[in-house]
file upload07.tsv (TSV, C-alpha atoms)
chain	number	residue	atom	x	y	z
A	1129	MET	CA	27.06	5.90	20.02
A	1130	SER	CA	23.92	4.31	21.39
A	1131	THR	CA	23.39	0.56	21.36
A	1132	ARG	CA	20.70	0.94	18.75
A	1133	SER	CA	22.87	2.79	16.26
A	1134	VAL	CA	25.78	0.38	16.65
A	1135	ASP	CA	23.35	-2.43	15.89
A	1136	VAL	CA	22.12	-0.65	12.79
A	1137	GLY	CA	25.69	-0.02	11.61
A	1138	LEU	CA	26.68	-3.66	12.08
A	1139	ILE	CA	23.54	-4.86	10.33
A	1140	PHE	CA	24.01	-2.64	7.30
A	1141	ALA	CA	27.70	-3.53	7.15
A	1142	ALA	CA	26.85	-7.23	7.31
A	1143	LEU	CA	24.30	-6.88	4.52
A	1144	ALA	CA	26.51	-4.73	2.29
A	1145	ASP	CA	28.32	-7.76	0.85
A	1146	ASP	CA	26.62	-9.78	-1.92
A	1147	THR	CA	28.18	-13.10	-0.92
A	1148	ARG	CA	27.16	-12.54	2.69
A	1149	ARG	CA	23.60	-11.84	1.61
A	1150	SER	CA	23.65	-15.14	-0.31
A	1151	VAL	CA	24.89	-16.92	2.82
A	1152	LEU	CA	22.11	-15.35	4.87
A	1153	ASP	CA	19.49	-16.24	2.23
A	1154	ALA	CA	20.74	-19.81	2.11
A	1155	VAL	CA	20.51	-20.16	5.89
A	1156	ALA	CA	17.00	-18.69	5.81
A	1157	GLU	CA	15.87	-21.09	3.06
A	1158	ARG	CA	17.16	-24.13	4.87
A	1159	GLY	CA	16.00	-23.18	8.34
A	1160	THR	CA	19.34	-24.22	9.81
A	1161	ALA	CA	22.68	-24.92	8.14
A	1162	THR	CA	26.32	-25.63	8.87
A	1163	ALA	CA	29.21	-23.83	7.19
A	1164	THR	CA	30.02	-27.02	5.27
A	1165	GLU	CA	26.46	-27.33	3.94
A	1166	LEU	CA	26.56	-23.72	2.81
A	1167	THR	CA	29.65	-24.28	0.63
A	1168	GLU	CA	27.35	-26.36	-1.61
A	1169	VAL	CA	25.18	-23.34	-2.40
A	1170	VAL	CA	27.59	-20.41	-2.14
A	1171	PRO	CA	30.63	-20.52	-4.46
A	1172	VAL	CA	33.29	-19.77	-1.86
A	1173	SER	CA	35.50	-21.85	0.44
A	1174	ARG	CA	34.30	-23.22	3.75
A	1175	GLN	CA	36.70	-20.84	5.46
A	1176	ALA	CA	35.15	-17.86	3.66
A	1177	VAL	CA	31.64	-19.06	4.55
A	1178	ALA	CA	32.69	-19.36	8.19
A	1179	LYS	CA	34.02	-15.81	8.12
A	1180	HIS	CA	30.77	-14.48	6.62
A	1181	LEU	CA	28.79	-16.37	9.24
A	1182	GLY	CA	30.93	-14.72	11.91
A	1183	VAL	CA	30.07	-11.25	10.61
A	1184	LEU	CA	26.38	-12.16	10.40
A	1185	ARG	CA	26.53	-13.46	13.95
A	1186	ASP	CA	28.22	-10.29	15.24
A	1187	ALA	CA	25.42	-8.30	13.65
A	1188	GLY	CA	22.88	-10.53	15.39
A	1189	LEU	CA	21.45	-11.71	12.06
A	1190	VAL	CA	22.16	-15.39	12.71
A	1191	GLU	CA	22.73	-17.40	15.84
A	1192	ALA	CA	24.91	-20.45	16.27
A	1193	ARG	CA	23.97	-23.63	18.10
A	1194	ARG	CA	26.47	-26.36	18.85
A	1195	THR	CA	25.17	-29.91	18.55
A	1196	GLY	CA	27.93	-32.40	19.19
A	1197	ARG	CA	30.71	-31.55	16.76
A	1198	GLU	CA	28.49	-29.48	14.52
A	1199	THR	CA	27.74	-25.77	14.68
A	1200	ARG	CA	24.38	-25.06	13.10
A	1201	TYR	CA	23.30	-21.55	12.19
A	1202	GLU	CA	19.82	-20.11	12.00
A	1203	VAL	CA	18.42	-16.70	11.10
A	1204	ARG	CA	17.21	-14.25	13.73
A	1205	ALA	CA	14.52	-12.37	11.80
A	1206	SER	CA	13.94	-9.88	14.62
A	1207	ALA	CA	17.48	-8.56	14.13
A	1208	LEU	CA	16.38	-6.62	11.06
A	1209	ARG	CA	14.02	-4.46	13.10
A	1210	PRO	CA	16.49	-1.63	13.86
A	1211	ALA	CA	17.27	-1.31	10.14
A	1212	ALA	CA	13.56	-1.22	9.32
A	1213	THR	CA	13.05	1.45	11.98
A	1214	TRP	CA	15.78	3.64	10.51
A	1215	LEU	CA	14.21	3.37	7.04
A	1216	ALA	CA	10.71	4.16	8.33
A	1217	ASP	CA	11.98	7.18	10.32
A	1218	ALA	CA	13.93	8.53	7.35
A	1219	ASP	CA	10.93	8.02	5.04
A	1220	ARG	CA	8.62	9.96	7.33
A	1221	ALA	CA	11.11	12.76	8.01
A	1222	TRP	CA	11.72	13.37	4.31
A	1223	ASP	CA	8.02	13.27	3.42
A	1224	GLU	CA	7.47	16.02	5.98
A	1225	ARG	CA	10.43	18.07	4.75
A	1226	LEU	CA	9.39	17.75	1.09
A	1227	GLN	CA	5.81	18.77	1.89
A	1228	ARG	CA	7.09	21.86	3.72
A	1229	LEU	CA	9.35	22.65	0.75
A	1230	LYS	CA	6.37	22.24	-1.63
A	1231	ARG	CA	4.23	24.65	0.38
A	1232	ARG	CA	7.09	27.12	0.55
A	1233	VAL	CA	7.79	26.99	-3.21
A	1234	GLU	CA	4.17	27.04	-4.34
A	1235	SER	CA	2.90	29.73	-1.99
A	1236	PRO	CA	5.83	31.92	-0.97
A	1237	PRO	CA	5.14	34.20	2.01
A	1238	ARG	CA	4.40	37.78	1.03
A	1239	PRO	CA	7.13	40.21	2.09
B	567	MET	CA	6.45	5.35	-11.27
B	568	ALA	CA	7.97	7.17	-14.22
B	569	ASN	CA	11.57	6.91	-13.12
B	570	PRO	CA	12.94	3.37	-12.89
B	571	ASP	CA	15.45	4.50	-10.24
B	572	THR	CA	12.67	5.07	-7.76
B	573	ASP	CA	11.33	1.54	-8.20
B	574	GLN	CA	14.38	0.01	-6.58
B	575	THR	CA	14.08	-0.97	-2.98
B	576	GLU	CA	17.43	-0.87	-1.25
B	577	LEU	CA	17.77	-2.00	2.31
B	578	ASP	CA	20.08	0.84	3.28
B	579	GLN	CA	18.47	3.61	1.27
B	580	ILE	CA	15.25	5.59	1.02
B	581	VAL	CA	14.04	7.54	-2.00
B	582	ARG	CA	11.22	10.10	-1.71
B	583	GLU	CA	10.02	12.65	-4.20
B	584	VAL	CA	7.57	15.47	-4.59
B	585	GLU	CA	6.26	17.28	-7.65
B	586	LEU	CA	6.04	21.06	-7.49
B	587	SER	CA	3.81	23.47	-9.40
B	588	ALA	CA	6.78	25.72	-10.01
B	589	PRO	CA	9.70	25.71	-12.45
B	590	VAL	CA	13.13	24.35	-11.49
B	591	ASP	CA	14.74	27.75	-10.92
B	592	GLN	CA	12.02	28.74	-8.46
B	593	ALA	CA	12.28	25.40	-6.64
B	594	TRP	CA	16.08	25.64	-6.54
B	595	ALA	CA	15.98	29.20	-5.21
B	596	VAL	CA	13.83	28.21	-2.23
B	597	LEU	CA	15.65	24.91	-1.68
B	598	THR	CA	19.04	26.57	-1.32
B	599	ASP	CA	18.07	29.90	0.27
B	600	PRO	CA	19.91	29.98	3.64
B	601	ASP	CA	17.08	32.05	5.14
B	602	GLN	CA	14.47	29.46	4.17
B	603	LEU	CA	16.37	26.23	4.92
B	604	ALA	CA	15.02	26.01	8.45
B	605	GLU	CA	11.46	26.51	7.18
B	606	TRP	CA	11.44	23.24	5.28
B	607	LEU	CA	14.30	21.18	6.77
B	608	GLY	CA	12.79	21.80	10.20
B	609	GLY	CA	14.26	22.78	13.52
B	610	GLU	CA	17.23	25.12	13.71
B	611	VAL	CA	19.56	25.28	10.75
B	612	ASP	CA	23.03	26.74	10.62
B	613	LEU	CA	24.06	25.77	7.13
B	614	VAL	CA	25.04	27.25	3.80
B	615	LEU	CA	24.71	24.95	0.81
B	616	GLU	CA	28.15	25.37	-0.71
B	617	PRO	CA	30.59	22.55	-1.51
B	618	GLY	CA	32.81	21.82	1.50
B	619	ALA	CA	30.69	23.87	3.89
B	620	ALA	CA	30.23	22.45	7.37
B	621	GLY	CA	27.07	23.22	9.29
B	622	ARG	CA	24.60	22.01	11.80
B	623	VAL	CA	20.91	21.09	11.87
B	624	THR	CA	19.02	20.75	15.14
B	625	ASP	CA	15.87	18.69	14.70
B	626	PRO	CA	12.69	19.73	16.53
B	627	ASP	CA	13.21	16.74	18.88
B	628	GLY	CA	16.60	18.14	19.92
B	629	THR	CA	18.77	15.84	17.83
B	630	VAL	CA	21.81	17.76	16.65
B	631	ARG	CA	23.25	16.74	13.28
B	632	GLN	CA	26.60	17.83	11.91
B	633	VAL	CA	26.46	18.43	8.18
B	634	LEU	CA	29.19	18.42	5.57
B	635	VAL	CA	28.13	19.59	2.10
B	636	THR	CA	29.81	17.38	-0.51
B	637	ASP	CA	28.45	18.64	-3.82
B	638	VAL	CA	26.37	21.45	-5.29
B	639	VAL	CA	25.45	21.67	-8.97
B	640	PRO	CA	23.39	24.86	-9.31
B	641	GLY	CA	19.85	24.17	-10.49
B	642	GLU	CA	20.41	20.41	-10.41
B	643	ARG	CA	21.64	18.74	-7.28
B	644	VAL	CA	22.93	19.20	-3.77
B	645	ALA	CA	24.49	16.48	-1.65
B	646	TRP	CA	25.70	16.27	1.93
B	647	HIS	CA	26.74	13.88	4.66
B	648	TRP	CA	25.14	14.28	8.07
B	649	TRP	CA	25.41	12.51	11.37
B	650	SER	CA	24.47	12.91	15.02
B	651	ASP	CA	26.16	11.55	18.12
B	652	ASP	CA	23.74	8.67	18.43
B	653	ASP	CA	22.98	7.89	14.82
B	654	GLU	CA	24.80	6.61	11.78
B	655	LEU	CA	26.35	8.86	9.21
B	656	SER	CA	24.18	9.05	6.14
B	657	SER	CA	24.47	10.61	2.70
B	658	VAL	CA	21.70	12.82	1.36
B	659	GLU	CA	21.24	13.78	-2.27
B	660	LEU	CA	18.54	16.17	-3.47
B	661	VAL	CA	17.94	16.39	-7.21
B	662	VAL	CA	15.69	18.90	-8.96
B	663	GLU	CA	14.38	18.01	-12.41
B	664	PRO	CA	12.19	19.91	-14.87
B	665	ARG	CA	8.72	18.58	-15.63
B	666	ASP	CA	6.21	19.65	-18.29
B	667	ASP	CA	4.10	22.78	-17.88
B	668	ASP	CA	6.64	24.68	-15.78
B	669	ARG	CA	6.55	22.09	-13.07
B	670	SER	CA	9.47	20.42	-11.34
B	671	LEU	CA	10.32	17.33	-9.35
B	672	VAL	CA	12.44	17.14	-6.22
B	673	ARG	CA	13.82	13.73	-5.37
B	674	VAL	CA	15.77	12.92	-2.23
B	675	THR	CA	17.90	9.84	-1.68
B	676	GLU	CA	19.25	9.14	1.79
B	677	THR	CA	21.74	6.30	2.16
B	678	ILE	CA	22.99	5.09	5.51
B	679	SER	CA	26.70	4.42	5.69
B	680	ALA	CA	27.34	0.73	6.20
B	681	ASP	CA	30.76	0.64	7.75
B	682	LEU	CA	30.87	3.19	10.53
B	683	GLY	CA	31.97	1.74	13.78
B	684	ALA	CA	32.05	-1.74	12.34
B	685	GLY	CA	34.29	-2.26	9.37
B	686	PRO	CA	37.41	-0.79	7.83
B	687	ILE	CA	37.88	2.94	7.29
B	688	THR	CA	35.55	4.07	4.54
B	689	PRO	CA	35.63	7.31	2.59
B	690	GLN	CA	32.58	8.38	4.60
B	691	ALA	CA	34.29	7.57	7.88
B	692	SER	CA	37.30	9.56	6.77
B	693	VAL	CA	35.07	12.49	5.93
B	694	ARG	CA	33.54	12.23	9.37
B	695	SER	CA	36.88	12.18	11.17
B	696	PHE	CA	37.97	15.08	9.05
B	697	ALA	CA	34.89	17.07	9.92
B	698	LEU	CA	35.02	16.17	13.62
B	699	ALA	CA	38.60	17.42	13.67
B	700	GLY	CA	37.15	20.87	13.16
B	701	VAL	CA	36.92	21.55	9.45
call {"tool": "encode", "arguments": {"input": "upload07.tsv", "output": "C-alpha cells"}}
result
Amino acid sequence: MSTRSVDVGLIFAALADDTRRSVLDAVAERGTATATELTEVVPVSRQAVAKHLGVLRDAGLVEARRTGRETRYEVRASALRPAATWLADADRAWDERLQRLKRRVESPPRP
Amino acid sequence: MANPDTDQTELDQIVREVELSAPVDQAWAVLTDPDQLAEWLGGEVDLVLEPGAAGRVTDPDGTVRQVLVTDVVPGERVAWHWWSDDDELSSVELVVEPRDDDRSLVRVTETISADLGAGPITPQASVRSFALAGV
C-alpha cells in the first residue's frame, strides 16, 4: 500500500467512531486541550479519552505538545486532505461513468 | 433533492445519481450487460455481475482493481467491493429506480472501508483476504 492510502485508511478509521469524533470536535473548539479537560465535555473516562487521542494522533489528525507535566493536543486540519481527495476523485469518476451509462442507455448504438 | 438519503453528507461516502430517459428494464439491461460494462465503467473490464463473481477492472490510467460482486437483485440493485494495490477497499452500490413517464434513476453509493490496514479484522477485510486467496 502507498503512504497516501494508509493515511486515508487511518483517517477514516479514526473518524468512524462517534466518541472519537466528539473528542476531535472538542479539541478543535478549544484550540488546544488536555485529556483531563476533555473528560469534562466527553462522557467517558480519562483513560478512554487518552486512548481516542492516541488513535487520532496516529492518524495525524491531532498533534501532542508537552509543556511541563501537561500534554496538550491540537488539531491538524491539513490531515483531512487525503480523505477529501479520495472523495473528490470518487465523485468525479462516478459522474463520468454515469454520464457514459446515460448516453449508452438513451442512444444505444445501432447493430 | 427528492430523496432525503442523498442529502446526507458522509465523510467516508459519496452518492451520485443520474436520471435516464428510459424505463428501468432498459437501464438495467445496459447496466448489467457484460459486453457493455467497459463502455460505461471505463477502461478494460473483465467482470460478470453475478453474486459471488470475482473480476477485474483496469482504469484508463492503468489502475487495476479487483472486484468481488456481493449482491445482485435483478432490476433493482447491484453491489460490489473493489480495491487496488495502492488504494483502500471500497463498497459500491448501484440502485435503479422507476420514475414517472418511463424514466428511471440510477444512484451510486461508494463507501470507503474504514478499517483496512489499521484496525481489527472487519467483514470487508475478511472478504478481501478471501478474494486475494484466489476465489
call {"tool": "atom_distance", "arguments": {"input": "upload07.tsv", "atom1": "CA of Arg1148 (chain A)", "atom2": "CA of Glu1198 (chain A)"}}
result
20.7 Å
call {"tool": "residues_around", "arguments": {"input": "upload07.tsv", "residues": "Val630 (chain B)", "least_positions_apart": "4", "cutoff": "10 Å", "atoms": "only C-alpha atoms", "output": "number ranges by chain"}}
result
B: 609-611, 622-626, 648-652
call {"tool": "write_last_selection", "arguments": {"input": "upload07.tsv", "atoms": "C-alpha atoms", "output": "compact mmCIF listing (two decimals), in the frame of the given file"}}
result
# COMPACT_ATOMS: atom_id res chain seq x y z
CA GLY B 609 14.26 22.78 13.52
CA GLU B 610 17.23 25.12 13.71
CA VAL B 611 19.56 25.28 10.75
CA ARG B 622 24.60 22.01 11.80
CA VAL B 623 20.91 21.09 11.87
CA THR B 624 19.02 20.75 15.14
CA ASP B 625 15.87 18.69 14.70
CA PRO B 626 12.69 19.73 16.53
CA TRP B 648 25.14 14.28 8.07
CA TRP B 649 25.41 12.51 11.37
CA SER B 650 24.47 12.91 15.02
CA ASP B 651 26.16 11.55 18.12
CA ASP B 652 23.74 8.67 18.43
call {"tool": "atom_distance", "arguments": {"input": "upload07.tsv", "atom1": "CA of Thr1213 (chain A)", "atom2": "CA of Val1190 (chain A)"}}
result
19.2 Å
call {"tool": "interface_residues", "arguments": {"input": "upload07.tsv", "of": "chain A", "to": "chain B", "cutoff": "8 Å", "atoms": "all atoms listed in the file", "output": "JSON, numbers by chain"}}
result
{"A": [1129, 1130, 1133, 1134, 1136, 1137, 1138, 1139, 1140, 1141, 1144, 1211, 1215, 1218, 1219, 1222, 1223, 1225, 1226, 1227, 1228, 1229, 1230, 1232, 1233, 1234]}
call {"tool": "atom_distance", "arguments": {"input": "upload07.tsv", "atom1": "CA of Gly641 (chain B)", "atom2": "CA of Asp599 (chain B)"}}
result
12.3 Å
call {"tool": "residues_near_point", "arguments": {"input": "upload07.tsv", "point": "(29.1, 20.2, 0.6)", "cutoff": "8 Å", "atoms": "all atoms listed in the file", "output": "JSON, numbers by chain"}}
result
{"B": [615, 616, 617, 618, 619, 620, 634, 635, 636, 637, 638, 644, 645, 646, 647]}
call {"tool": "write_last_selection", "arguments": {"input": "upload07.tsv", "atoms": "C-alpha atoms", "output": "short mmCIF file (atom, residue, chain, number, x, y, z; two decimals), keeping the file's coordinate frame"}}
result
data_model
loop_
_atom_site.label_atom_id
_atom_site.label_comp_id
_atom_site.auth_asym_id
_atom_site.auth_seq_id
_atom_site.Cartn_x
_atom_site.Cartn_y
_atom_site.Cartn_z
CA LEU B 615 24.71 24.95 0.81
CA GLU B 616 28.15 25.37 -0.71
CA PRO B 617 30.59 22.55 -1.51
CA GLY B 618 32.81 21.82 1.50
CA ALA B 619 30.69 23.87 3.89
CA ALA B 620 30.23 22.45 7.37
CA LEU B 634 29.19 18.42 5.57
CA VAL B 635 28.13 19.59 2.10
CA THR B 636 29.81 17.38 -0.51
CA ASP B 637 28.45 18.64 -3.82
CA VAL B 638 26.37 21.45 -5.29
CA VAL B 644 22.93 19.20 -3.77
CA ALA B 645 24.49 16.48 -1.65
CA TRP B 646 25.70 16.27 1.93
CA HIS B 647 26.74 13.88 4.66
#
call {"tool": "decode", "arguments": {"input": "upload07.tsv", "residues": "region 587-612 of chain B", "atoms": "N, CA, C and O atoms", "output": "mmCIF file, in the first residue's frame"}}
result
data_model
loop_
_atom_site.group_PDB
_atom_site.id
_atom_site.type_symbol
_atom_site.label_atom_id
_atom_site.label_comp_id
_atom_site.auth_asym_id
_atom_site.auth_seq_id
_atom_site.Cartn_x
_atom_site.Cartn_y
_atom_site.Cartn_z
ATOM 1 N N SER B 587 -33.711 8.906 -19.563
ATOM 2 C CA SER B 587 -34.956 8.906 -20.350
ATOM 3 C C SER B 587 -35.193 7.516 -20.915
ATOM 4 O O SER B 587 -35.250 7.318 -22.128
ATOM 5 N N ALA B 588 -35.292 6.565 -20.026
ATOM 6 C CA ALA B 588 -35.534 5.175 -20.420
ATOM 7 C C ALA B 588 -36.071 4.443 -19.204
ATOM 8 O O ALA B 588 -35.717 4.786 -18.077
ATOM 9 N N PRO B 589 -36.941 3.452 -19.430
ATOM 10 C CA PRO B 589 -37.502 2.715 -18.288
ATOM 11 C C PRO B 589 -36.439 1.861 -17.586
ATOM 12 O O PRO B 589 -35.372 1.613 -18.132
ATOM 13 N N VAL B 590 -36.801 1.411 -16.377
ATOM 14 C CA VAL B 590 -35.861 0.648 -15.543
ATOM 15 C C VAL B 590 -35.291 -0.569 -16.265
ATOM 16 O O VAL B 590 -34.084 -0.811 -16.217
ATOM 17 N N ASP B 591 -36.177 -1.330 -16.952
ATOM 18 C CA ASP B 591 -35.663 -2.575 -17.547
ATOM 19 C C ASP B 591 -34.615 -2.303 -18.618
ATOM 20 O O ASP B 591 -33.642 -3.044 -18.753
ATOM 21 N N GLN B 592 -34.800 -1.197 -19.340
ATOM 22 C CA GLN B 592 -33.817 -0.835 -20.372
ATOM 23 C C GLN B 592 -32.497 -0.388 -19.717
ATOM 24 O O GLN B 592 -31.408 -0.766 -20.152
ATOM 25 N N ALA B 593 -32.618 0.396 -18.652
ATOM 26 C CA ALA B 593 -31.423 0.852 -17.926
ATOM 27 C C ALA B 593 -30.679 -0.343 -17.331
ATOM 28 O O ALA B 593 -29.453 -0.459 -17.434
ATOM 29 N N TRP B 594 -31.447 -1.248 -16.727
ATOM 30 C CA TRP B 594 -30.851 -2.424 -16.087
ATOM 31 C C TRP B 594 -30.128 -3.295 -17.117
ATOM 32 O O TRP B 594 -29.045 -3.829 -16.863
ATOM 33 N N ALA B 595 -30.761 -3.452 -18.285
ATOM 34 C CA ALA B 595 -30.177 -4.312 -19.323
ATOM 35 C C ALA B 595 -28.799 -3.797 -19.743
ATOM 36 O O ALA B 595 -27.850 -4.571 -19.876
ATOM 37 N N VAL B 596 -28.690 -2.493 -19.922
ATOM 38 C CA VAL B 596 -27.399 -1.924 -20.340
ATOM 39 C C VAL B 596 -26.403 -1.973 -19.184
ATOM 40 O O VAL B 596 -25.242 -2.355 -19.346
ATOM 41 N N LEU B 597 -26.890 -1.624 -17.994
ATOM 42 C CA LEU B 597 -26.040 -1.569 -16.800
ATOM 43 C C LEU B 597 -25.335 -2.900 -16.541
ATOM 44 O O LEU B 597 -24.177 -2.941 -16.133
ATOM 45 N N THR B 598 -26.044 -3.997 -16.777
ATOM 46 C CA THR B 598 -25.503 -5.299 -16.388
ATOM 47 C C THR B 598 -25.029 -6.137 -17.575
ATOM 48 O O THR B 598 -24.601 -7.272 -17.392
ATOM 49 N N ASP B 599 -25.114 -5.592 -18.785
ATOM 50 C CA ASP B 599 -24.670 -6.338 -19.966
ATOM 51 C C ASP B 599 -23.130 -6.441 -19.961
ATOM 52 O O ASP B 599 -22.443 -5.430 -20.044
ATOM 53 N N PRO B 600 -22.612 -7.681 -19.855
ATOM 54 C CA PRO B 600 -21.148 -7.842 -19.780
ATOM 55 C C PRO B 600 -20.430 -7.181 -20.957
ATOM 56 O O PRO B 600 -19.321 -6.669 -20.803
ATOM 57 N N ASP B 601 -21.077 -7.190 -22.141
ATOM 58 C CA ASP B 601 -20.433 -6.624 -23.323
ATOM 59 C C ASP B 601 -20.406 -5.096 -23.290
ATOM 60 O O ASP B 601 -19.666 -4.470 -24.050
ATOM 61 N N GLN B 602 -21.241 -4.500 -22.434
ATOM 62 C CA GLN B 602 -21.290 -3.035 -22.414
ATOM 63 C C GLN B 602 -20.671 -2.426 -21.151
ATOM 64 O O GLN B 602 -20.546 -1.206 -21.041
ATOM 65 N N LEU B 603 -20.287 -3.301 -20.207
ATOM 66 C CA LEU B 603 -19.737 -2.793 -18.940
ATOM 67 C C LEU B 603 -18.550 -1.860 -19.157
ATOM 68 O O LEU B 603 -18.457 -0.786 -18.555
ATOM 69 N N ALA B 604 -17.651 -2.280 -20.045
ATOM 70 C CA ALA B 604 -16.438 -1.478 -20.275
ATOM 71 C C ALA B 604 -16.787 -0.122 -20.880
ATOM 72 O O ALA B 604 -16.084 0.868 -20.648
ATOM 73 N N GLU B 605 -17.897 -0.085 -21.647
ATOM 74 C CA GLU B 605 -18.263 1.164 -22.328
ATOM 75 C C GLU B 605 -18.589 2.269 -21.331
ATOM 76 O O GLU B 605 -18.325 3.433 -21.587
ATOM 77 N N TRP B 606 -19.186 1.898 -20.206
ATOM 78 C CA TRP B 606 -19.549 2.974 -19.267
ATOM 79 C C TRP B 606 -18.675 2.983 -18.016
ATOM 80 O O TRP B 606 -18.396 4.034 -17.458
ATOM 81 N N LEU B 607 -18.231 1.781 -17.555
ATOM 82 C CA LEU B 607 -17.340 1.782 -16.380
ATOM 83 C C LEU B 607 -15.985 2.390 -16.746
ATOM 84 O O LEU B 607 -15.323 3.004 -15.920
ATOM 85 N N GLY B 608 -15.584 2.188 -17.992
ATOM 86 C CA GLY B 608 -14.316 2.755 -18.460
ATOM 87 C C GLY B 608 -13.187 1.761 -18.347
ATOM 88 O O GLY B 608 -13.195 0.868 -17.502
ATOM 89 N N GLY B 609 -12.203 1.924 -19.220
ATOM 90 C CA GLY B 609 -11.039 1.047 -19.190
ATOM 91 C C GLY B 609 -11.353 -0.352 -19.678
ATOM 92 O O GLY B 609 -12.233 -0.551 -20.513
ATOM 93 N N GLU B 610 -10.616 -1.330 -19.141
ATOM 94 C CA GLU B 610 -10.849 -2.722 -19.514
ATOM 95 C C GLU B 610 -11.597 -3.406 -18.380
ATOM 96 O O GLU B 610 -11.245 -3.250 -17.216
ATOM 97 N N VAL B 611 -12.615 -4.177 -18.751
ATOM 98 C CA VAL B 611 -13.447 -4.789 -17.729
ATOM 99 C C VAL B 611 -13.543 -6.290 -17.966
ATOM 100 O O VAL B 611 -13.870 -6.733 -19.059
ATOM 101 N N ASP B 612 -13.181 -7.046 -16.956
ATOM 102 C CA ASP B 612 -13.346 -8.489 -17.005
ATOM 103 C C ASP B 612 -14.218 -8.850 -15.807
ATOM 104 O O ASP B 612 -13.728 -9.126 -14.717
#
